[in-house]
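Engineer: You'll find start-v3.txt just under this line, and it carries compact mmCIF, C-alpha atoms and all ligand atoms.
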```txt
# COMPACT_ATOMS: atom_id res chain seq x y z
CA MET A 107 -53.25 254.37 113.44
CA LYS A 108 -53.52 255.35 117.08
CA ARG A 109 -50.22 256.69 118.36
CA PRO A 110 -48.89 255.29 121.63
CA HIS A 111 -49.29 257.57 124.63
CA GLN A 112 -46.49 260.09 124.98
CA PRO A 113 -46.13 261.92 128.27
CA ARG A 114 -45.57 265.65 128.14
CA ASN A 115 -41.98 266.65 127.69
CA ASP A 116 -41.37 268.38 130.99
CA PRO A 117 -39.25 267.71 134.04
CA VAL A 118 -42.16 266.39 136.05
CA SER A 119 -42.87 263.55 133.62
CA ASP A 120 -39.27 262.48 134.12
CA VAL A 121 -40.30 261.31 137.57
CA LEU A 122 -42.01 258.36 135.94
CA GLN A 123 -39.33 257.85 133.29
CA ALA A 124 -36.19 257.75 135.32
CA PRO A 125 -34.89 256.81 138.75
CA PRO A 126 -35.25 259.47 141.45
CA ARG A 127 -32.97 262.41 140.73
CA ALA A 128 -31.67 264.59 143.52
CA GLY A 129 -31.61 267.66 141.25
CA LEU A 130 -35.34 267.56 140.64
CA LEU A 131 -36.06 267.29 144.33
CA PHE A 132 -33.77 270.14 145.30
CA ALA A 133 -35.49 272.35 142.72
CA MET A 134 -38.77 272.13 144.65
CA ASN A 135 -39.83 273.37 148.06
CA ARG A 136 -39.69 270.64 150.63
CA PHE A 137 -42.88 270.03 152.55
CA THR A 138 -43.13 271.52 156.01
CA THR A 139 -46.09 271.81 158.34
CA ASP A 140 -45.65 275.60 158.10
CA CYS A 141 -46.64 275.66 154.42
CA ARG A 142 -49.05 278.53 153.62
CA LEU A 143 -48.88 278.43 149.84
CA CYS A 144 -52.69 278.23 149.62
CA PRO A 145 -53.98 281.42 151.29
CA ARG A 146 -57.59 280.26 151.59
CA LEU A 147 -56.60 277.01 153.32
CA ALA A 148 -53.99 278.65 155.53
CA THR A 149 -56.54 281.21 156.73
CA PHE A 150 -59.14 278.51 157.27
CA LEU A 151 -56.69 276.50 159.37
CA ASP A 152 -55.87 279.60 161.44
CA GLY A 153 -59.55 279.75 162.36
CA VAL A 154 -59.78 276.04 163.10
CA ARG A 155 -56.70 276.24 165.35
CA ALA A 156 -58.19 279.16 167.24
CA ALA A 157 -61.50 277.34 167.73
CA GLN A 158 -59.93 273.94 168.49
CA PRO A 159 -56.58 274.55 170.21
CA ASP A 160 -56.08 270.83 170.81
CA TYR A 161 -56.36 270.00 167.11
CA PHE A 162 -53.25 269.59 164.94
CA ALA A 163 -54.78 272.02 162.39
CA LYS A 164 -51.71 272.32 160.13
CA PRO A 165 -50.65 270.75 156.83
CA VAL A 166 -50.56 267.02 157.56
CA PRO A 167 -47.33 265.18 156.69
CA SER A 168 -47.26 261.79 155.01
CA PHE A 169 -47.14 258.76 157.26
CA GLY A 170 -44.69 255.88 156.82
CA GLU A 171 -41.19 255.59 155.45
CA ALA A 172 -40.41 257.25 152.12
CA GLY A 173 -39.41 254.94 149.30
CA THR A 174 -41.64 252.02 150.23
CA PRO A 175 -43.11 249.97 147.36
CA LEU A 176 -46.71 251.14 147.91
CA LEU A 177 -47.90 254.74 148.18
CA ILE A 178 -51.52 255.28 149.19
CA VAL A 179 -52.98 258.65 148.17
CA GLY A 180 -56.15 260.07 149.68
CA LEU A 181 -57.96 263.34 149.09
CA ALA A 182 -57.30 265.67 152.04
CA PRO A 183 -57.40 265.68 155.86
CA GLY A 184 -60.84 265.43 157.45
CA MET A 185 -61.83 267.95 160.13
CA HIS A 186 -61.96 265.47 163.00
CA GLY A 187 -59.59 262.92 161.50
CA ALA A 188 -56.14 263.81 160.21
CA ASN A 189 -56.72 267.49 160.92
CA ARG A 190 -57.20 266.63 164.60
CA THR A 191 -54.55 263.96 165.07
CA GLY A 192 -51.90 265.04 162.53
CA ARG A 193 -51.70 261.63 160.86
CA PRO A 194 -53.42 260.83 157.53
CA PHE A 195 -56.68 258.88 157.82
CA THR A 196 -56.48 258.85 161.62
CA GLY A 197 -59.48 259.71 163.75
CA ASP A 198 -62.42 259.24 161.42
CA TYR A 199 -64.31 256.38 159.80
CA ALA A 200 -62.23 256.34 156.62
CA GLY A 201 -59.15 255.55 158.67
CA GLU A 202 -60.83 252.79 160.64
CA LEU A 203 -61.59 250.96 157.40
CA LEU A 204 -58.24 251.72 155.78
CA TYR A 205 -56.04 250.75 158.75
CA SER A 206 -58.02 247.60 159.53
CA THR A 207 -57.55 246.63 155.88
CA LEU A 208 -53.82 247.35 155.98
CA HIS A 209 -53.50 245.22 159.09
CA LYS A 210 -55.48 242.38 157.54
CA PHE A 211 -53.02 242.31 154.63
CA GLY A 212 -49.91 242.55 156.81
CA LEU A 213 -49.16 246.16 155.92
CA SER A 214 -49.41 247.62 159.42
CA THR A 215 -48.52 246.51 162.92
CA ALA A 216 -51.96 247.38 164.34
CA ALA A 217 -55.52 247.63 163.11
CA GLU A 218 -56.59 250.41 165.46
CA PRO A 219 -55.48 253.88 164.29
CA LEU A 220 -56.19 255.49 167.68
CA ASP A 221 -54.82 254.85 171.15
CA ALA A 222 -56.81 254.87 174.39
CA ASN A 223 -56.66 258.69 174.46
CA LYS A 224 -58.09 258.95 170.93
CA GLN A 225 -54.76 260.16 169.58
CA ALA A 226 -52.73 258.61 166.75
CA ASN A 227 -51.74 255.13 167.90
CA PRO A 228 -47.95 255.22 168.47
CA ALA A 229 -47.84 251.42 168.21
CA LEU A 230 -49.14 251.49 164.65
CA LYS A 231 -46.31 251.32 162.11
CA LEU A 232 -46.75 250.82 158.39
CA LYS A 233 -44.96 247.94 156.69
CA GLY A 234 -44.01 248.43 153.04
CA CYS A 235 -46.38 251.31 152.43
CA ARG A 236 -46.79 255.04 153.03
CA ILE A 237 -49.91 257.21 153.15
CA THR A 238 -50.30 260.75 151.88
CA ASN A 239 -52.98 263.09 150.54
CA ALA A 240 -53.43 264.97 147.29
CA VAL A 241 -54.05 268.09 149.40
CA ARG A 242 -52.38 268.28 152.79
CA CYS A 243 -54.52 270.97 154.42
CA LEU A 244 -58.08 270.61 155.60
CA PRO A 245 -60.33 272.21 152.97
CA PRO A 246 -63.68 273.81 153.90
CA GLN A 247 -66.53 271.34 153.23
CA ASN A 248 -63.87 268.78 152.22
CA LYS A 249 -63.67 270.52 148.86
CA PRO A 250 -60.28 271.79 147.76
CA GLU A 251 -60.24 274.21 144.85
CA PRO A 252 -58.45 273.19 141.63
CA ALA A 253 -55.71 275.77 142.24
CA GLU A 254 -55.07 274.24 145.68
CA ILE A 255 -54.84 270.74 144.24
CA ARG A 256 -52.35 272.06 141.69
CA GLN A 257 -50.34 273.89 144.34
CA CYS A 258 -50.03 270.88 146.63
CA ASN A 259 -49.18 268.63 143.69
CA ALA A 260 -45.50 269.63 143.98
CA TYR A 261 -45.33 267.60 147.18
CA LEU A 262 -46.90 264.61 145.45
CA VAL A 263 -44.26 264.89 142.73
CA GLN A 264 -41.66 264.44 145.46
CA GLU A 265 -43.52 261.42 146.80
CA LEU A 266 -43.49 259.79 143.36
CA ALA A 267 -39.83 260.63 142.88
CA ALA A 268 -38.98 258.75 146.07
CA LEU A 269 -40.71 255.54 144.94
CA PRO A 270 -38.58 252.60 143.87
CA ARG A 271 -38.85 251.41 140.28
CA GLY A 272 -41.91 249.19 139.76
CA ALA A 273 -43.69 250.53 142.85
CA SER A 274 -47.46 250.71 143.15
CA ILE A 275 -49.67 253.66 143.95
CA LEU A 276 -53.19 253.29 145.28
CA ALA A 277 -55.42 256.29 144.56
CA LEU A 278 -58.45 256.56 146.82
CA GLY A 279 -61.01 258.42 144.72
CA THR A 280 -60.90 260.36 141.48
CA ILE A 281 -59.22 263.48 142.87
CA ALA A 282 -56.32 261.38 144.16
CA HIS A 283 -56.21 259.49 140.85
CA GLU A 284 -56.03 262.71 138.86
CA ALA A 285 -53.48 264.23 141.26
CA VAL A 286 -51.18 261.23 140.74
CA LEU A 287 -51.47 261.59 136.97
CA ARG A 288 -50.79 265.30 137.19
CA ALA A 289 -47.74 264.65 139.37
CA GLY A 290 -46.45 262.35 136.64
CA GLY A 291 -47.16 264.83 133.84
CA LEU A 292 -49.76 262.45 132.40
CA LYS A 293 -53.17 263.13 130.88
CA VAL A 294 -56.31 262.12 132.74
CA LYS A 295 -58.03 261.01 129.54
CA ASP A 296 -55.34 258.37 128.96
CA PHE A 297 -55.90 256.66 132.34
CA LYS A 298 -59.59 256.52 133.20
CA PHE A 299 -60.50 256.10 136.87
CA GLY A 300 -62.28 252.85 137.73
CA HIS A 301 -62.69 250.97 140.98
CA ASN A 302 -60.07 248.19 141.14
CA ALA A 303 -58.60 249.37 137.83
CA ARG A 304 -54.86 248.94 137.30
CA HIS A 305 -52.86 251.27 135.08
CA VAL A 306 -49.25 250.73 134.11
CA LEU A 307 -47.66 254.17 133.90
CA PRO A 308 -44.65 255.12 131.80
CA GLY A 309 -41.54 254.05 133.68
CA GLY A 310 -43.23 251.01 135.18
CA LEU A 311 -45.10 252.44 138.15
CA LYS A 312 -48.51 250.84 138.63
CA LEU A 313 -51.52 252.91 139.58
CA TYR A 314 -54.49 251.19 141.25
CA ASP A 315 -57.81 252.89 141.85
CA SER A 316 -60.39 252.47 144.57
CA TYR A 317 -63.43 254.43 145.55
CA HIS A 318 -62.53 256.51 148.58
CA CYS A 319 -63.15 254.68 151.87
CA SER A 320 -65.26 257.53 153.28
CA ARG A 321 -68.22 256.92 155.52
CA TYR A 322 -70.50 258.31 152.81
CA ASN A 323 -69.24 255.82 150.22
CA THR A 324 -69.60 252.88 152.57
CA GLN A 325 -73.02 253.94 153.83
CA THR A 326 -74.27 254.20 150.27
CA LYS A 327 -72.58 250.85 149.45
CA ARG A 328 -70.56 252.47 146.71
CA LEU A 329 -67.63 250.87 148.48
CA THR A 330 -67.90 247.83 150.72
CA GLU A 331 -65.19 246.40 152.93
CA ALA A 332 -65.01 243.42 150.57
CA MET A 333 -64.49 245.74 147.59
CA LEU A 334 -61.59 247.48 149.31
CA HIS A 335 -60.09 244.11 150.23
CA GLN A 336 -60.28 243.09 146.56
CA VAL A 337 -58.17 246.09 145.60
CA PHE A 338 -55.45 245.10 148.07
CA GLU A 339 -55.61 241.52 146.82
CA SER A 340 -55.03 242.86 143.31
CA ILE A 341 -52.02 244.88 144.48
CA LEU A 342 -50.52 242.01 146.44
CA GLU A 343 -50.97 239.63 143.52
CA GLN A 344 -48.48 241.73 141.59
CA HIS A 345 -45.72 241.81 144.13
CA THR A 346 -44.90 241.26 147.75
CA LEU A 347 -45.06 244.46 149.74
CA ARG A 348 -44.45 242.90 153.09
CA PRO A 349 -40.87 243.38 154.34
S1 LIG B 401 -52.65 272.46 150.57
FE1 LIG B 401 -50.49 271.87 150.28
S2 LIG B 401 -49.54 273.56 149.13
FE2 LIG B 401 -51.51 274.32 149.96
S3 LIG B 401 -50.94 275.29 151.92
FE3 LIG B 401 -51.52 273.18 152.38
S4 LIG B 401 -49.58 272.03 152.33
FE4 LIG B 401 -49.22 273.99 151.32
```
What does this structure look like when you write it as structure tokens?
Ligand code: SF4
Structural biologist:
Amino acid sequence: MKRPHQPRNDPVSDVLQAPPRAGLLFAMNRFTTDCRLCPRLATFLDGVRAAQPDYFAKPVPSFGEAGTPLLIVGLAPGMHGANRTGRPFTGDYAGELLYSTLHKFGLSTAAEPLDANKQANPALKLKGCRITNAVRCLPPQNKPEPAEIRQCNAYLVQELAALPRGASILALGTIAHEAVLRAGGLKVKDFKFGHNARHVLPGGLKLYDSYHCSRYNTQTKRLTEAMLHQVFESILEQHTLRP
């Protein structure tokens, strides 16, 4: 008989089993934009900052209030998007699609991620959701190494710990999906990635999957605007995220 899934017995899996615990959070480094725990990425960002002094070019913080009922997890900052503006998904095509979708579903105060000066739109506030990345530093060729994904996962653990019971997580792409599972101490093989799939995780958190809203995925029609909208419809069917 197939045994029910049992998460690993370690402190990280407790994040999904129990309400947020201050002790767990204090045991970990808090995120700062000075983080240099990944030497390759830190050195790469030093070079980007030197070449593009007007770019943010640091680890990009999450956007939106902590503890909201929906956490959206992307891959990593893009060179001319979050790496330039300092706000996740802001400044490139992926953000245009994501923020217009959030606005359509009442989850942001504006559809346009940029202001007239092409900087992060100060009038755009998230409503009932927060956006972060599996890896917070710009990786060369948009490809973080496994060790870097593991290193940055400690910050994602803190994001999950701040979620209210029954909250939803939207993973944009397989790397984000696997990073969420890792942050919860769960096995990838037990929760297979699938576009518009919904997984109920131990402790009651719900994990939704979508193909990443990158320009490449939309140009190749792997993800259409309608497909992304369907994912948000699925999430909003489960509970009201709007304040
Ligand atoms: S990827 Fe994450 S852990 Fe690595 S240096 Fe950047 S912020 Fe720090």
Engineer: Given all atoms listed in the file, how would the per-residue table for chain A near ligand LIG 401 (chain B) read, listing every residue at most 10 Å away with its closest atom pair and distance in Å to one decimal, sorted by chain and number, as a tab-separated table?
Structural biologist:
```
residue	atom	partner	partner_atom	distance
A:Asn135	CA	B:LIG401	S2	9.8
A:Phe137	CA	B:LIG401	S4	7.0
A:Thr138	CA	B:LIG401	S4	7.4
A:Thr139	CA	B:LIG401	S4	7.0
A:Asp140	CA	B:LIG401	FE4	7.8
A:Cys141	CA	B:LIG401	FE4	4.4
A:Arg142	CA	B:LIG401	S3	4.1
A:Leu143	CA	B:LIG401	S3	4.3
A:Cys144	CA	B:LIG401	FE2	4.1
A:Pro145	CA	B:LIG401	S3	6.9
A:Arg146	CA	B:LIG401	S3	8.3
A:Leu147	CA	B:LIG401	S3	6.1
A:Ala148	CA	B:LIG401	S3	5.8
A:Thr149	CA	B:LIG401	S3	9.5
A:Leu151	CA	B:LIG401	FE3	9.3
A:Lys164	CA	B:LIG401	FE3	7.8
A:Pro165	CA	B:LIG401	S4	4.8
A:Val166	CA	B:LIG401	S4	7.3
A:Pro167	CA	B:LIG401	S4	8.4
A:Ala182	CA	B:LIG401	S1	8.4
A:Pro183	CA	B:LIG401	S1	9.8
A:Asn239	CA	B:LIG401	FE1	9.1
A:Ala240	CA	B:LIG401	FE1	8.1
A:Val241	CA	B:LIG401	S1	4.7
A:Arg242	CA	B:LIG401	S4	4.7
A:Cys243	CA	B:LIG401	FE3	4.2
A:Leu244	CA	B:LIG401	S1	7.6
A:Pro245	CA	B:LIG401	S1	8.1
A:Pro250	CA	B:LIG401	S1	8.2
A:Glu251	CA	B:LIG401	S1	9.7
A:Ala253	CA	B:LIG401	FE2	8.9
A:Glu254	CA	B:LIG401	FE2	5.6
A:Ile255	CA	B:LIG401	S1	6.9
A:Arg256	CA	B:LIG401	S2	8.1
A:Gln257	CA	B:LIG401	S2	4.9
A:Cys258	CA	B:LIG401	S2	3.7
A:Asn259	CA	B:LIG401	S2	7.4
A:Ala260	CA	B:LIG401	S2	7.6
A:Tyr261	CA	B:LIG401	FE1	7.4
A:Leu262	CA	B:LIG401	FE1	9.4
```
Engineer: Using only C-alpha atoms, can you tell me which of A:Phe195, A:Phe338, A:Tyr314, A:Phe150 comes closest to Leu181 in chain A?
Structural biologist: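 Closest to Leu181 in chain A, using only C-alpha atoms: A:Phe195.
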Engineer: Name the residues, using the chain letters and numbers of the file, that sit within 9 Å of (-52.3, 262.9, 162.2) when counting all atoms listed in the file, and give them as a PyMOL selection string.
Structural biologist: chain A and resi 162+166-169+183+187-197+225-226
Engineer: Write a file of the just-selected residues containing C-alpha atoms, as a JSON list (two decimals), in the coordinates of the input.
Structural biologist:
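Dumped to again_24.json:
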```json
[["chain", "number", "residue", "atom", "x", "y", "z"],
["A", 162, "PHE", "CA", -53.25, 269.59, 164.94],
["A", 166, "VAL", "CA", -50.56, 267.02, 157.56],
["A", 167, "PRO", "CA", -47.33, 265.18, 156.69],
["A", 168, "SER", "CA", -47.26, 261.79, 155.01],
["A", 169, "PHE", "CA", -47.14, 258.76, 157.26],
["A", 183, "PRO", "CA", -57.40, 265.68, 155.86],
["A", 187, "GLY", "CA", -59.59, 262.92, 161.50],
["A", 188, "ALA", "CA", -56.14, 263.81, 160.21],
["A", 189, "ASN", "CA", -56.72, 267.49, 160.92],
["A", 190, "ARG", "CA", -57.20, 266.63, 164.60],
["A", 191, "THR", "CA", -54.55, 263.96, 165.07],
["A", 192, "GLY", "CA", -51.90, 265.04, 162.53],
["A", 193, "ARG", "CA", -51.70, 261.63, 160.86],
["A", 194, "PRO", "CA", -53.42, 260.83, 157.53],
["A", 195, "PHE", "CA", -56.68, 258.88, 157.82],
["A", 196, "THR", "CA", -56.48, 258.85, 161.62],
["A", 197, "GLY", "CA", -59.48, 259.71, 163.75],
["A", 225, "GLN", "CA", -54.76, 260.16, 169.58],
["A", 226, "ALA", "CA", -52.73, 258.61, 166.75]]
```
Engineer: Would you compute the distance between CA of Asp315 in chain A and CA of Pro252 in chain A? Give it in Å to one decimal.
Structural biologist: 20.3 Å
Engineer: So what do you get for CA of Glu171 in chain A versus CA of Arg236 in chain A, distance-wise?
Structural biologist: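 So the answer is 6.1 Å.
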Engineer: Would you mind listing, for every residue of range 217-290 of chain A within 12 Å of range 321-336 of chain A, the two atoms forming the shortest contact and the distance between them in Å to one decimal, using all atoms listed in the file, sorted by chain and ascending residue number, as a tab-separated table?
Structural biologist:
```
residue	atom	partner	partner_atom	distance
A:Leu276	CA	A:Leu334	CA	11.0
A:Ala277	CA	A:Leu334	CA	11.8
A:Leu278	CA	A:Leu334	CA	9.9
A:Gly279	CA	A:Asn323	CA	10.2
```
Engineer: Using CA of Val337 in chain A and CA of Ala303 in chain A as the two end points, give the distance in Å to one decimal.
Structural biologist: 8.4 Å
Engineer: Centre and edge lengths, as JSON, for the axis-aligned box enclosing every listed atom of range 149-166 of chain A with 8 Å of padding on each of the six sides, in Å to one decimal?
Structural biologist:
```
{"center_x": -56.0, "center_y": 274.1, "center_z": 163.8, "size_x": 26.9, "size_y": 30.2, "size_z": 30.1}
```
Engineer: Go through A:Gly184, A:Pro228, A:Gly173, A:Gly300 one by one, measure the shortest atom-to-atom distance of each to Ala267 in chain A using only C-alpha atoms, and give the residue with the smallest value.
Structural biologist: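 Result for the nearest residue to Ala267 in chain A: A:Gly173.
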Engineer: For each of A:Gly170, A:Pro219, A:Gly290, A:Pro270, take the minimum atom-to-atom distance to Thr207 in chain A, counting all atoms listed in the file, then give the residue where this is smallest.
Structural biologist: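 Of the candidates, the smallest distance to Thr207 in chain A is held by A:Pro219.
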Engineer: Taking all atoms listed in the file into account, name the residue in A:Leu342, A:Val294, A:Met185, A:Thr238 that is nearest to Arg155 in chain A.
Structural biologist: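 Checking each of A:Leu342, A:Val294, A:Met185, A:Thr238 against Arg155 in chain A, counting all atoms listed in the file, the winner is A:Met185.
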Engineer: Which residue, A:Leu203, A:His186, A:Leu269, A:His318, has the smallest gap to Lys224 in chain A when you use all atoms listed in the file?
Structural biologist: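 Once distances to Lys224 in chain A are computed over all atoms listed in the file, the minimum belongs to A:His186.
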Engineer: Contacts of Ser214 in chain A at 7 Å or less, counting only C-alpha atoms, minus same-chain residues fewer than 3 places along, as a list of chain:residue names?
Structural biologist: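 Answer for this query is A:Leu208, A:His209, A:Leu230, A:Lys231, A:Leu232, A:Lys233.
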Engineer: Hey, could you patch up range 227-246 of chain A with N, CA and C atoms and hand it over as an mmCIF file, keeping the file's coordinate frame?
Structural biologist:
```cif
data_model
loop_
_atom_site.group_PDB
_atom_site.id
_atom_site.type_symbol
_atom_site.label_atom_id
_atom_site.label_comp_id
_atom_site.auth_asym_id
_atom_site.auth_seq_id
_atom_site.Cartn_x
_atom_site.Cartn_y
_atom_site.Cartn_z
ATOM 1 N N ASN A 227 -52.292 256.271 167.192
ATOM 2 C CA ASN A 227 -51.740 255.130 167.900
ATOM 3 C C ASN A 227 -50.226 255.029 167.661
ATOM 4 N N PRO A 228 -49.399 255.259 168.702
ATOM 5 C CA PRO A 228 -47.950 255.220 168.470
ATOM 6 C C PRO A 228 -47.446 253.815 168.160
ATOM 7 N N ALA A 229 -48.261 252.807 168.467
ATOM 8 C CA ALA A 229 -47.840 251.420 168.210
ATOM 9 C C ALA A 229 -48.108 251.013 166.771
ATOM 10 N N LEU A 230 -48.814 251.855 166.033
ATOM 11 C CA LEU A 230 -49.140 251.490 164.650
ATOM 12 C C LEU A 230 -48.017 251.970 163.724
ATOM 13 N N LYS A 231 -47.349 251.012 163.105
ATOM 14 C CA LYS A 231 -46.310 251.320 162.110
ATOM 15 C C LYS A 231 -46.727 250.678 160.785
ATOM 16 N N LEU A 232 -46.453 251.384 159.711
ATOM 17 C CA LEU A 232 -46.750 250.820 158.390
ATOM 18 C C LEU A 232 -45.610 249.926 157.939
ATOM 19 N N LYS A 233 -45.968 248.891 157.182
ATOM 20 C CA LYS A 233 -44.960 247.940 156.690
ATOM 21 C C LYS A 233 -45.041 247.888 155.164
ATOM 22 N N GLY A 234 -44.070 248.479 154.504
ATOM 23 C CA GLY A 234 -44.010 248.430 153.040
ATOM 24 C C GLY A 234 -44.945 249.393 152.351
ATOM 25 N N CYS A 235 -45.514 250.327 153.081
ATOM 26 C CA CYS A 235 -46.380 251.310 152.430
ATOM 27 C C CYS A 235 -46.280 252.658 153.151
ATOM 28 N N ARG A 236 -46.815 253.663 152.512
ATOM 29 C CA ARG A 236 -46.790 255.040 153.030
ATOM 30 C C ARG A 236 -48.116 255.673 152.620
ATOM 31 N N ILE A 237 -48.605 256.585 153.424
ATOM 32 C CA ILE A 237 -49.910 257.210 153.150
ATOM 33 C C ILE A 237 -49.729 258.721 153.060
ATOM 34 N N THR A 238 -50.340 259.302 152.044
ATOM 35 C CA THR A 238 -50.300 260.750 151.880
ATOM 36 C C THR A 238 -51.639 261.225 151.345
ATOM 37 N N ASN A 239 -51.749 262.518 151.107
ATOM 38 C CA ASN A 239 -52.980 263.090 150.540
ATOM 39 C C ASN A 239 -52.654 263.988 149.360
ATOM 40 N N ALA A 240 -53.607 264.076 148.450
ATOM 41 C CA ALA A 240 -53.430 264.970 147.290
ATOM 42 C C ALA A 240 -53.337 266.422 147.746
ATOM 43 N N VAL A 241 -54.066 266.749 148.807
ATOM 44 C CA VAL A 241 -54.050 268.090 149.400
ATOM 45 C C VAL A 241 -53.799 267.902 150.891
ATOM 46 N N ARG A 242 -52.817 268.588 151.421
ATOM 47 C CA ARG A 242 -52.380 268.280 152.790
ATOM 48 C C ARG A 242 -53.031 269.144 153.859
ATOM 49 N N CYS A 243 -53.811 270.137 153.441
ATOM 50 C CA CYS A 243 -54.520 270.970 154.420
ATOM 51 C C CYS A 243 -56.012 270.664 154.375
ATOM 52 N N LEU A 244 -56.629 270.771 155.516
ATOM 53 C CA LEU A 244 -58.080 270.610 155.600
ATOM 54 C C LEU A 244 -58.776 271.650 154.732
ATOM 55 N N PRO A 245 -59.591 271.215 153.765
ATOM 56 C CA PRO A 245 -60.330 272.210 152.970
ATOM 57 C C PRO A 245 -61.742 272.401 153.539
ATOM 58 N N PRO A 246 -62.294 273.612 153.472
ATOM 59 C CA PRO A 246 -63.680 273.810 153.900
ATOM 60 C C PRO A 246 -64.619 272.879 153.122
#
```
